[in-house]
>>> print(open('work_30.cif').read())   # mmCIF, C-alpha atoms and all ligand atoms
data_my_file
#
loop_
_atom_site.label_atom_id
_atom_site.label_comp_id
_atom_site.auth_asym_id
_atom_site.auth_seq_id
_atom_site.Cartn_x
_atom_site.Cartn_y
_atom_site.Cartn_z
CA MET I 1048 0.00 0.00 0.00
CA LYS I 1049 2.66 2.50 1.15
CA GLU I 1050 4.84 1.15 -1.66
CA ILE I 1051 2.37 2.14 -4.36
CA ILE I 1052 1.89 5.63 -2.93
CA ASN I 1053 5.65 6.15 -2.88
CA LYS I 1054 5.85 5.32 -6.55
CA ILE I 1055 3.27 7.93 -7.54
CA ASP I 1056 5.12 10.79 -9.16
CA ILE I 1057 3.74 14.29 -8.70
CA SER I 1058 6.90 16.04 -9.87
CA THR I 1059 6.62 18.34 -12.85
CA LYS I 1060 8.51 20.63 -15.16
CA ILE I 1061 7.94 24.19 -16.23
CA LYS I 1062 10.05 23.95 -19.37
CA ASN I 1063 13.50 23.16 -17.96
CA ILE I 1064 12.68 24.07 -14.36
CA LYS I 1065 12.20 20.86 -12.36
CA LEU I 1066 9.77 20.86 -9.44
CA SER I 1067 9.81 17.90 -7.05
CA SER I 1068 6.11 18.55 -6.42
CA CYS I 1069 3.61 20.30 -8.68
CA ILE I 1070 2.23 22.25 -5.68
CA MET I 1071 3.55 25.69 -4.73
CA ASN I 1072 2.29 28.77 -2.90
CA ALA I 1073 0.49 31.56 -4.72
CA SER I 1074 2.20 34.92 -4.63
CA GLY I 1075 0.78 37.02 -1.83
CA ALA I 1076 0.01 34.12 0.50
CA LEU I 1077 2.43 34.14 3.45
CA CYS I 1078 5.49 34.90 1.35
CA SER I 1079 6.42 38.48 2.25
CA THR I 1080 8.75 38.29 5.25
CA GLU I 1081 12.06 36.56 6.06
CA LYS I 1082 10.26 34.06 8.33
CA GLU I 1083 7.48 33.28 5.85
CA LEU I 1084 9.95 32.78 3.00
CA SER I 1085 12.25 30.60 5.11
CA ASP I 1086 9.29 28.45 6.20
CA LEU I 1087 8.32 27.99 2.54
CA LEU I 1088 11.87 27.02 1.60
CA ASP I 1089 11.82 24.39 4.36
CA SER I 1090 8.38 23.08 3.37
CA SER I 1091 7.40 20.34 0.93
CA SER I 1092 6.17 22.84 -1.67
CA GLY I 1093 7.62 22.31 -5.13
CA ALA I 1094 8.72 25.91 -5.59
CA LEU I 1095 8.82 29.22 -3.77
CA VAL I 1096 6.94 32.23 -5.13
CA THR I 1097 7.67 35.56 -3.45
CA LYS I 1098 5.19 38.33 -2.66
CA SER I 1099 4.89 40.68 -5.64
CA CYS I 1100 7.53 43.34 -5.14
CA THR I 1101 7.89 46.96 -6.09
CA SER I 1102 11.01 49.19 -6.23
CA ASP I 1103 10.49 50.44 -2.69
CA LEU I 1104 9.03 49.02 0.50
CA ARG I 1105 5.25 49.49 0.80
CA ASN I 1106 3.07 49.20 3.89
CA GLY I 1107 -0.03 48.53 1.81
CA ASN I 1108 -3.63 49.50 2.51
CA PRO I 1109 -5.13 50.15 5.97
CA LYS I 1110 -6.37 47.12 7.93
CA PRO I 1111 -8.60 45.15 8.06
CA ARG I 1112 -7.67 44.29 4.48
CA TYR I 1113 -8.18 40.49 4.35
CA PHE I 1114 -11.24 38.49 5.36
CA GLU I 1115 -12.27 34.90 4.81
CA TRP I 1116 -15.53 33.01 5.15
CA ASN I 1117 -16.36 29.30 4.65
CA VAL I 1118 -15.96 29.23 0.85
CA GLY I 1119 -14.00 32.32 -0.09
CA SER I 1120 -11.75 35.23 0.76
CA ILE I 1121 -11.69 38.92 -0.03
CA ASN I 1122 -8.59 41.09 0.05
CA SER I 1123 -7.42 44.56 -0.67
CA MET I 1124 -3.85 44.34 0.58
CA GLY I 1125 -2.39 47.14 -1.54
CA LEU I 1126 0.87 45.40 -2.36
CA PRO I 1127 2.52 45.45 1.06
CA ASN I 1128 6.07 44.22 0.41
CA LEU I 1129 9.60 44.84 1.60
CA GLY I 1130 10.91 46.13 -1.74
CA ILE I 1131 12.84 44.27 -4.43
CA ASP I 1132 16.21 44.66 -2.67
CA PHE I 1133 14.96 42.70 0.32
CA TYR I 1134 13.81 39.77 -1.84
CA ILE I 1135 17.00 39.80 -3.90
CA ASN I 1136 19.15 39.86 -0.77
CA PHE I 1137 17.12 37.07 0.81
CA LEU I 1138 17.64 34.88 -2.26
CA LYS I 1139 21.34 35.70 -2.44
CA ARG I 1140 21.79 34.61 1.20
CA LYS I 1141 19.73 31.42 1.02
CA LYS I 1142 21.20 28.45 -0.72
CA THR I 1143 18.40 26.20 -1.92
CA ASN I 1144 17.67 23.57 -4.52
CA LYS I 1145 14.04 24.64 -4.65
CA PRO I 1146 13.09 26.64 -7.73
CA VAL I 1147 12.39 30.26 -6.86
CA PHE I 1148 9.93 32.47 -8.73
CA LEU I 1149 10.35 36.18 -8.06
CA SER I 1150 7.01 37.95 -8.43
CA ILE I 1151 7.19 41.50 -9.73
CA SER I 1152 4.43 44.09 -9.75
CA GLY I 1153 5.63 47.51 -10.85
CA PHE I 1154 3.21 50.42 -11.09
CA SER I 1155 4.15 51.28 -14.67
CA LEU I 1156 5.79 49.78 -17.70
CA LYS I 1157 8.94 51.65 -16.78
CA GLU I 1158 9.00 50.33 -13.23
CA ASN I 1159 8.35 46.76 -14.38
CA LEU I 1160 11.26 46.92 -16.85
CA TYR I 1161 13.50 48.43 -14.15
CA LEU I 1162 12.61 45.63 -11.68
CA ILE I 1163 13.20 42.94 -14.31
CA LYS I 1164 16.62 44.40 -15.18
CA LYS I 1165 17.54 44.26 -11.50
CA ALA I 1166 16.33 40.66 -11.16
CA ASN I 1167 18.31 39.63 -14.24
CA LEU I 1168 21.52 40.17 -12.28
CA ILE I 1169 20.64 37.54 -9.65
CA GLU I 1170 21.66 33.94 -10.20
CA ASN I 1171 19.41 32.19 -7.69
CA ILE I 1172 16.17 33.29 -9.34
CA SER I 1173 14.73 30.47 -11.46
CA ALA I 1174 12.04 32.56 -13.13
CA LEU I 1175 10.16 35.82 -12.97
CA GLU I 1176 6.40 35.92 -12.53
CA ILE I 1177 5.18 39.33 -13.68
CA ASN I 1178 1.95 40.25 -11.98
CA PHE I 1179 -0.44 41.79 -14.51
CA SER I 1180 -3.41 41.40 -12.28
CA CYS I 1181 -3.12 43.30 -9.00
CA PRO I 1182 -6.63 44.57 -8.41
CA ASN I 1183 -6.19 46.63 -5.25
CA ILE I 1184 -4.16 49.73 -5.75
CA LEU I 1185 -6.23 52.70 -4.64
CA ASN I 1186 -6.20 55.35 -7.38
CA ARG I 1187 -4.77 52.90 -9.90
CA LYS I 1188 -7.82 51.73 -11.67
CA LYS I 1189 -6.05 49.63 -14.24
CA ILE I 1190 -5.39 45.91 -14.16
CA PHE I 1191 -2.60 45.55 -16.74
CA GLY I 1192 -3.83 42.15 -17.92
CA TYR I 1193 -7.08 43.75 -19.10
CA ASP I 1194 -5.17 46.18 -21.36
CA SER I 1195 -3.90 44.29 -24.40
CA LEU I 1196 -1.90 47.30 -25.63
CA TYR I 1197 -0.03 47.36 -22.33
CA VAL I 1198 0.66 43.63 -22.54
CA TYR I 1199 1.96 44.05 -26.09
CA LYS I 1200 4.20 47.03 -25.19
CA PHE I 1201 5.57 45.18 -22.19
CA LEU I 1202 6.44 42.01 -24.12
CA LYS I 1203 7.93 43.94 -27.03
CA ASN I 1204 10.29 45.78 -24.67
CA VAL I 1205 11.14 43.17 -22.07
CA PHE I 1206 12.64 40.63 -24.45
CA LYS I 1207 15.11 43.20 -25.77
CA PHE I 1208 17.18 42.53 -22.64
CA ASN I 1209 15.57 39.87 -20.44
CA LYS I 1210 17.46 36.58 -20.15
CA LYS I 1211 15.45 35.06 -17.28
CA PRO I 1212 12.64 32.59 -17.80
CA LEU I 1213 9.58 34.80 -17.68
CA GLY I 1214 5.92 34.15 -16.92
CA ILE I 1215 2.86 36.30 -16.47
CA LYS I 1216 0.24 36.10 -13.74
CA LEU I 1217 -3.06 36.89 -15.39
CA PRO I 1218 -6.39 38.09 -14.09
CA PRO I 1219 -9.47 35.96 -14.80
CA TYR I 1220 -11.15 36.63 -18.14
CA PHE I 1221 -14.83 36.05 -18.70
CA ASN I 1222 -15.05 36.16 -22.49
CA GLU I 1223 -13.41 33.68 -24.80
CA ILE I 1224 -12.43 36.48 -27.20
CA HIS I 1225 -10.38 38.19 -24.47
CA ILE I 1226 -8.43 34.98 -23.87
CA LYS I 1227 -7.93 34.52 -27.61
CA ASN I 1228 -6.62 38.09 -27.98
CA ILE I 1229 -4.20 37.93 -25.06
CA SER I 1230 -3.02 34.49 -26.21
CA SER I 1231 -2.30 35.76 -29.71
CA ILE I 1232 -0.09 38.53 -28.25
CA ILE I 1233 1.69 36.20 -25.81
CA ASN I 1234 2.24 33.60 -28.56
CA ARG I 1235 4.52 36.02 -30.43
CA TYR I 1236 7.08 36.19 -27.61
CA PRO I 1237 9.28 33.73 -25.70
CA VAL I 1238 7.03 33.68 -22.64
CA MET I 1239 7.71 30.54 -20.61
CA PHE I 1240 4.47 30.27 -18.64
CA VAL I 1241 1.28 31.98 -17.60
CA THR I 1242 -0.35 31.67 -14.20
CA CYS I 1243 -4.18 31.60 -14.29
CA VAL I 1244 -5.86 33.09 -12.29
CA ASN I 1245 -5.33 35.90 -9.87
CA SER I 1246 -8.19 36.87 -7.59
CA ILE I 1247 -11.46 37.97 -9.19
CA PRO I 1248 -11.41 41.75 -8.92
CA ASN I 1249 -14.03 44.01 -7.41
CA GLY I 1250 -16.00 41.60 -5.29
CA LEU I 1251 -17.98 42.67 -2.25
CA TYR I 1252 -18.57 40.57 0.85
CA ILE I 1253 -20.75 41.99 3.58
CA ASN I 1254 -21.79 41.17 7.13
CA SER I 1255 -25.58 41.12 7.39
CA ASP I 1256 -25.56 41.32 11.21
CA THR I 1257 -23.45 44.44 11.41
CA GLU I 1258 -24.77 45.69 8.05
CA SER I 1259 -21.21 46.53 7.09
CA VAL I 1260 -18.45 45.75 4.67
CA VAL I 1261 -15.70 43.49 6.11
CA ILE I 1262 -12.52 45.17 4.84
CA ARG I 1263 -11.59 48.83 5.14
CA PRO I 1264 -9.92 49.85 1.82
CA ASN I 1265 -11.91 50.69 -1.28
CA ASN I 1266 -15.23 50.84 0.60
CA GLY I 1267 -15.04 47.10 1.19
CA PHE I 1268 -14.47 45.99 -2.41
CA GLY I 1269 -11.61 43.61 -3.11
CA GLY I 1270 -10.19 40.60 -4.93
CA ILE I 1271 -12.08 37.34 -4.36
CA GLY I 1272 -10.23 34.06 -3.87
CA GLY I 1273 -10.94 30.64 -2.39
CA GLU I 1274 -13.20 27.73 -3.27
CA ILE I 1275 -15.90 29.79 -4.96
CA ILE I 1276 -13.58 30.93 -7.76
CA LYS I 1277 -12.42 27.46 -8.85
CA PRO I 1278 -14.77 27.16 -11.88
CA PHE I 1279 -13.35 30.43 -13.24
CA GLY I 1280 -9.77 29.28 -12.67
CA LEU I 1281 -10.47 26.00 -14.46
CA ALA I 1282 -12.18 27.79 -17.35
CA ASN I 1283 -9.21 30.13 -17.84
CA VAL I 1284 -6.66 27.30 -17.67
CA SER I 1285 -8.67 25.25 -20.14
CA LYS I 1286 -9.15 28.11 -22.63
CA PHE I 1287 -5.52 29.25 -22.43
CA PHE I 1288 -4.47 25.62 -22.91
CA SER I 1289 -6.31 25.60 -26.22
CA PHE I 1290 -5.13 29.03 -27.44
CA LEU I 1291 -1.51 29.28 -26.27
CA ARG I 1292 1.49 27.85 -28.10
CA LYS I 1293 2.06 24.30 -26.91
CA ASP I 1294 5.46 25.16 -25.40
CA ILE I 1295 3.96 27.77 -23.06
CA TYR I 1296 3.27 26.20 -19.67
CA ILE I 1297 0.26 26.97 -17.50
CA ILE I 1298 0.29 27.21 -13.71
CA GLY I 1299 -3.23 26.87 -12.31
CA CYS I 1300 -4.44 28.92 -9.39
CA GLY I 1301 -7.81 29.64 -7.83
CA GLY I 1302 -9.84 27.84 -5.21
CA ILE I 1303 -7.69 24.77 -4.63
CA SER I 1304 -8.27 23.14 -1.25
CA SER I 1305 -7.99 19.41 -1.96
CA GLY I 1306 -5.96 16.88 -3.92
CA LYS I 1307 -8.92 16.42 -6.23
CA ASP I 1308 -8.90 20.16 -7.03
CA ILE I 1309 -5.28 19.81 -8.14
CA PHE I 1310 -6.21 16.83 -10.30
CA ASP I 1311 -8.94 18.93 -11.97
CA TYR I 1312 -6.51 21.75 -12.81
CA ILE I 1313 -3.98 19.33 -14.33
CA LEU I 1314 -6.75 17.66 -16.34
CA CYS I 1315 -7.56 21.11 -17.80
CA GLY I 1316 -3.93 21.69 -18.82
CA ALA I 1317 -2.06 23.06 -15.80
CA SER I 1318 1.49 21.75 -15.33
CA ALA I 1319 1.64 22.95 -11.72
CA VAL I 1320 -0.65 24.69 -9.23
CA GLN I 1321 -0.52 27.48 -6.68
CA ILE I 1322 -2.31 27.64 -3.33
CA GLY I 1323 -3.44 31.00 -1.95
CA THR I 1324 -6.49 31.24 0.32
CA GLN I 1325 -6.20 27.65 1.60
CA PHE I 1326 -2.52 28.19 2.48
CA ILE I 1327 -3.43 31.31 4.49
CA LYS I 1328 -6.24 29.37 6.24
CA GLU I 1329 -4.28 26.24 7.02
CA GLY I 1330 -0.65 27.26 7.22
CA ILE I 1331 2.50 25.56 5.98
CA SER I 1332 1.22 21.99 6.56
CA VAL I 1333 -1.16 22.46 3.62
CA PHE I 1334 1.60 21.33 1.24
CA ASP I 1335 2.05 17.95 2.96
CA ARG I 1336 -1.70 17.39 3.14
CA LEU I 1337 -2.34 18.26 -0.51
CA LYS I 1338 0.57 16.13 -1.68
CA LYS I 1339 -0.82 13.15 0.22
CA GLU I 1340 -4.38 13.76 -1.03
CA LEU I 1341 -3.26 14.11 -4.63
CA LYS I 1342 -1.25 10.87 -4.45
CA ASN I 1343 -4.18 9.00 -2.87
CA PHE I 1344 -6.54 10.33 -5.51
CA LEU I 1345 -4.19 9.24 -8.31
CA LYS I 1346 -3.83 5.82 -6.74
CA LYS I 1347 -7.62 5.39 -6.75
CA LYS I 1348 -7.64 6.29 -10.42
CA ASN I 1349 -4.71 4.02 -11.24
CA TYR I 1350 -2.53 6.88 -12.40
CA PHE I 1351 1.17 6.86 -11.55
CA SER I 1352 2.20 10.25 -12.83
CA ILE I 1353 0.53 13.55 -13.60
CA LYS I 1354 1.63 12.99 -17.20
CA ASN I 1355 -1.02 10.21 -17.43
CA PHE I 1356 -3.95 12.66 -17.49
CA PHE I 1357 -2.43 16.11 -18.12
CA GLY I 1358 -4.69 18.14 -20.46
CA ASN I 1359 -6.94 15.15 -21.13
CA LEU I 1360 -10.28 16.75 -20.25
CA LYS I 1361 -13.02 14.98 -22.21
CA LYS I 1362 -15.69 16.85 -24.09
CA PHE I 1363 -19.07 15.57 -25.20
C1 LIG X 1401 -2.32 42.31 -4.24
C2 LIG X 1401 -3.40 41.53 -4.58
C3 LIG X 1401 -3.32 40.75 -5.71
O1 LIG X 1401 -4.34 39.93 -6.11
C4 LIG X 1401 -2.19 40.79 -6.48
O2 LIG X 1401 -2.10 40.08 -7.59
C5 LIG X 1401 -1.12 41.56 -6.12
C6 LIG X 1401 -1.20 42.32 -4.99
C7 LIG X 1401 -2.35 43.18 -3.08
O3 LIG X 1401 -3.36 43.85 -2.85
O4 LIG X 1401 -1.31 43.30 -2.41
#
>>> encode(input="work_30.cif", output="structure tokens")
Amino acid sequence: MKEIINKIDISTKIKNIKLSSCIMNASGALCSTEKELSDLLDSSSGALVTKSCTSDLRNGNPKPRYFEWNVGSINSMGLPNLGIDFYINFLKRKKTNKPVFLSISGFSLKENLYLIKKANLIENISALEINFSCPNILNRKKIFGYDSLYVYKFLKNVFKFNKKPLGIKLPPYFNEIHIKNISSIINRYPVMFVTCVNSIPNGLYINSDTESVVIRPNNGFGGIGGEIIKPFGLANVSKFFSFLRKDIYIIGCGGISSGKDIFDYILCGASAVQIGTQFIKEGISVFDRLKKELKNFLKKKNYFSIKNFFGNLKKF
């Protein structure tokens, strides 16, 4: 029994980056501070993703700025992070075999290019995940991923100098044509992966007893994550899987809280997955639990590797 479980292989590859497990944290979830990052490096996650960084340290939006209920979460964090130099220095100091994805979220095209130039100088960064989907910056109304001209300008410029494997974290799209359009732009450049999806922007959760919003910034509006967004995550992974070049990898994210959820994402075409809300809820042990659940689920299905069912979603 144990024997069979041990033989089940949940390792994966994002092009030439090898992950011992296909499960990693989502950027933003407990990955901002020295302690949180060290705990992730020591955990059984397959890779480390850092909190999206900016040029300078940011305290973020006023609290309360995160709230969770049984099936979801709402946040308007406002990009609290210690600044790119902190994350670079952390990675320079820590020797690790775990792949490291540095998440970058500049406020402009210029800032994003500046941050990527800086990150290009650092050896221990396996890949860059450029966040085109931060929904919570007060006074910045734009989510870059919803502006195809921005995406085009960014890609056209970044590959003039970038040598690092580069991926893009995308917001959820709700129209097939939007996914087709973004895919056709991405397909023209050497993008290594996309991560689908970031939180669903502009949700509102309210407390009926107190008749109030539950987070302070933005009059209570914020990005929605957790179980309730899984169908949108799956839809985006599945559509991007059909429209992107076959050598562009997809990392699935959105509402994963069980091994079966991970199976579903891989079936739709994800090569790896990220855990956000459930990681915040459960803490670092989530990676051991999900690994075990995924292996048990595969055993029941007589699969020995995620390659056995990757992208094989059946249609009527
Ligand atoms: C924040 C939230 C996001 O969903 C994101 O992609 C980046 C940043 C935030 O508010 O900090």
>>> closest_residue(input="work_30.cif", among="I:Ala1094, I:Ile1151, I:Leu1066, I:Ile1232", to="ligand LIG 1401 (chain X)", atoms="only C-alpha atoms and all ligand atoms")
I:Ile1151
>>> closest_atom_pairs(input="work_30.cif", of="chain I", to="ligand LIG 1401 (chain X)", cutoff="10 Å", atoms="only C-alpha atoms and all ligand atoms", output="tab-separated table")
residue	atom	partner	partner_atom	distance
I:Ala1073	CA	X:LIG1401	O2	9.4
I:Ser1074	CA	X:LIG1401	O2	7.3
I:Gly1075	CA	X:LIG1401	C6	6.5
I:Ala1076	CA	X:LIG1401	C2	9.6
I:Lys1098	CA	X:LIG1401	C6	7.9
I:Ser1099	CA	X:LIG1401	C5	6.1
I:Cys1100	CA	X:LIG1401	C6	8.8
I:Arg1105	CA	X:LIG1401	O4	9.6
I:Asn1106	CA	X:LIG1401	O4	9.7
I:Gly1107	CA	X:LIG1401	O4	6.8
I:Asn1108	CA	X:LIG1401	O3	7.8
I:Arg1112	CA	X:LIG1401	O3	8.5
I:Tyr1113	CA	X:LIG1401	O3	9.3
I:Ile1121	CA	X:LIG1401	O1	9.6
I:Asn1122	CA	X:LIG1401	O3	6.6
I:Ser1123	CA	X:LIG1401	O3	4.7
I:Met1124	CA	X:LIG1401	O3	3.5
I:Gly1125	CA	X:LIG1401	O3	3.7
I:Leu1126	CA	X:LIG1401	O4	3.0
I:Pro1127	CA	X:LIG1401	O4	5.6
I:Asn1128	CA	X:LIG1401	O4	8.0
I:Ser1150	CA	X:LIG1401	C5	9.2
I:Ile1151	CA	X:LIG1401	C5	9.1
I:Ser1152	CA	X:LIG1401	C5	7.1
I:Ile1177	CA	X:LIG1401	O2	9.5
I:Asn1178	CA	X:LIG1401	O2	6.0
I:Phe1179	CA	X:LIG1401	O2	7.3
I:Ser1180	CA	X:LIG1401	O2	5.0
I:Cys1181	CA	X:LIG1401	O2	3.7
I:Pro1182	CA	X:LIG1401	O1	5.7
I:Asn1183	CA	X:LIG1401	O3	4.6
I:Ile1184	CA	X:LIG1401	O3	6.6
I:Leu1185	CA	X:LIG1401	O3	9.5
I:Ile1190	CA	X:LIG1401	O2	9.4
I:Lys1216	CA	X:LIG1401	O2	7.7
I:Leu1217	CA	X:LIG1401	O2	8.5
I:Pro1218	CA	X:LIG1401	O2	8.0
I:Val1244	CA	X:LIG1401	O2	9.2
I:Asn1245	CA	X:LIG1401	O1	5.6
I:Ser1246	CA	X:LIG1401	O1	5.1
I:Ile1247	CA	X:LIG1401	O1	8.0
I:Pro1248	CA	X:LIG1401	O1	7.8
I:Gly1269	CA	X:LIG1401	O3	8.3
I:Gly1270	CA	X:LIG1401	O1	6.0
I:Ile1271	CA	X:LIG1401	O1	8.3
I:Gly1272	CA	X:LIG1401	O1	8.6
I:Gly1323	CA	X:LIG1401	O1	9.9
>>> atom_distance(input="work_30.cif", atom1="CA of Ile1172 (chain I)", atom2="CA of Ile1331 (chain I)")
21.9 Å
>>> closest_residue(input="work_30.cif", among="I:Leu1160, I:Leu1251, I:Leu1175, I:Ile1229", to="Phe1208 (chain I)", atoms="all atoms listed in the file")
I:Leu1160
>>> atom_distance(input="work_30.cif", atom1="CA of Ile1061 (chain I)", atom2="CA of Glu1274 (chain I)")
25.0 Å
>>> closest_residue(input="work_30.cif", among="I:Ser1332, I:Ser1155, I:Asn1249, I:Asn1254", to="Leu1087 (chain I)", atoms="all atoms listed in the file")
I:Ser1332
>>> residues_around(input="work_30.cif", residues="Asp1308 (chain I)", least_positions_apart="6", cutoff="9 Å", atoms="all atoms listed in the file", output="PyMOL selection string")
chain I and resi 1277+1302+1341
>>> atom_distance(input="work_30.cif", atom1="CA of Ile1169 (chain I)", atom2="CA of Ile1135 (chain I)")
7.2 Å
>>> residues_around(input="work_30.cif", residues="Ile1057 (chain I)", least_positions_apart="4", cutoff="10 Å", atoms="all atoms listed in the file", output="VMD selection string")
chain I and resid 1066 to 1070 1093 1319 1338 1341 to 1342 1345 1351 to 1354
>>> residues_around(input="work_30.cif", residues="Thr1097 (chain I)", least_positions_apart="4", cutoff="8 Å", atoms="all atoms listed in the file", output="compact mmCIF listing (two decimals) with C-alpha atoms, in the coordinates of the input")
# COMPACT_ATOMS: atom_id res chain seq x y z
CA SER I 1074 2.20 34.92 -4.63
CA GLY I 1075 0.78 37.02 -1.83
CA CYS I 1078 5.49 34.90 1.35
CA SER I 1079 6.42 38.48 2.25
CA LEU I 1084 9.95 32.78 3.00
CA TYR I 1134 13.81 39.77 -1.84
CA VAL I 1147 12.39 30.26 -6.86
CA PHE I 1148 9.93 32.47 -8.73
CA LEU I 1149 10.35 36.18 -8.06
CA SER I 1150 7.01 37.95 -8.43
>>> closest_residue(input="work_30.cif", among="I:Lys1060, I:Lys1211, I:His1225, I:Arg1235", to="Ser1173 (chain I)", atoms="all atoms listed in the file")
I:Lys1211
>>> closest_residue(input="work_30.cif", among="I:Gly1273, I:Gly1130, I:Gly1358, I:Pro1278", to="Gln1321 (chain I)", atoms="all atoms listed in the file")
I:Gly1273
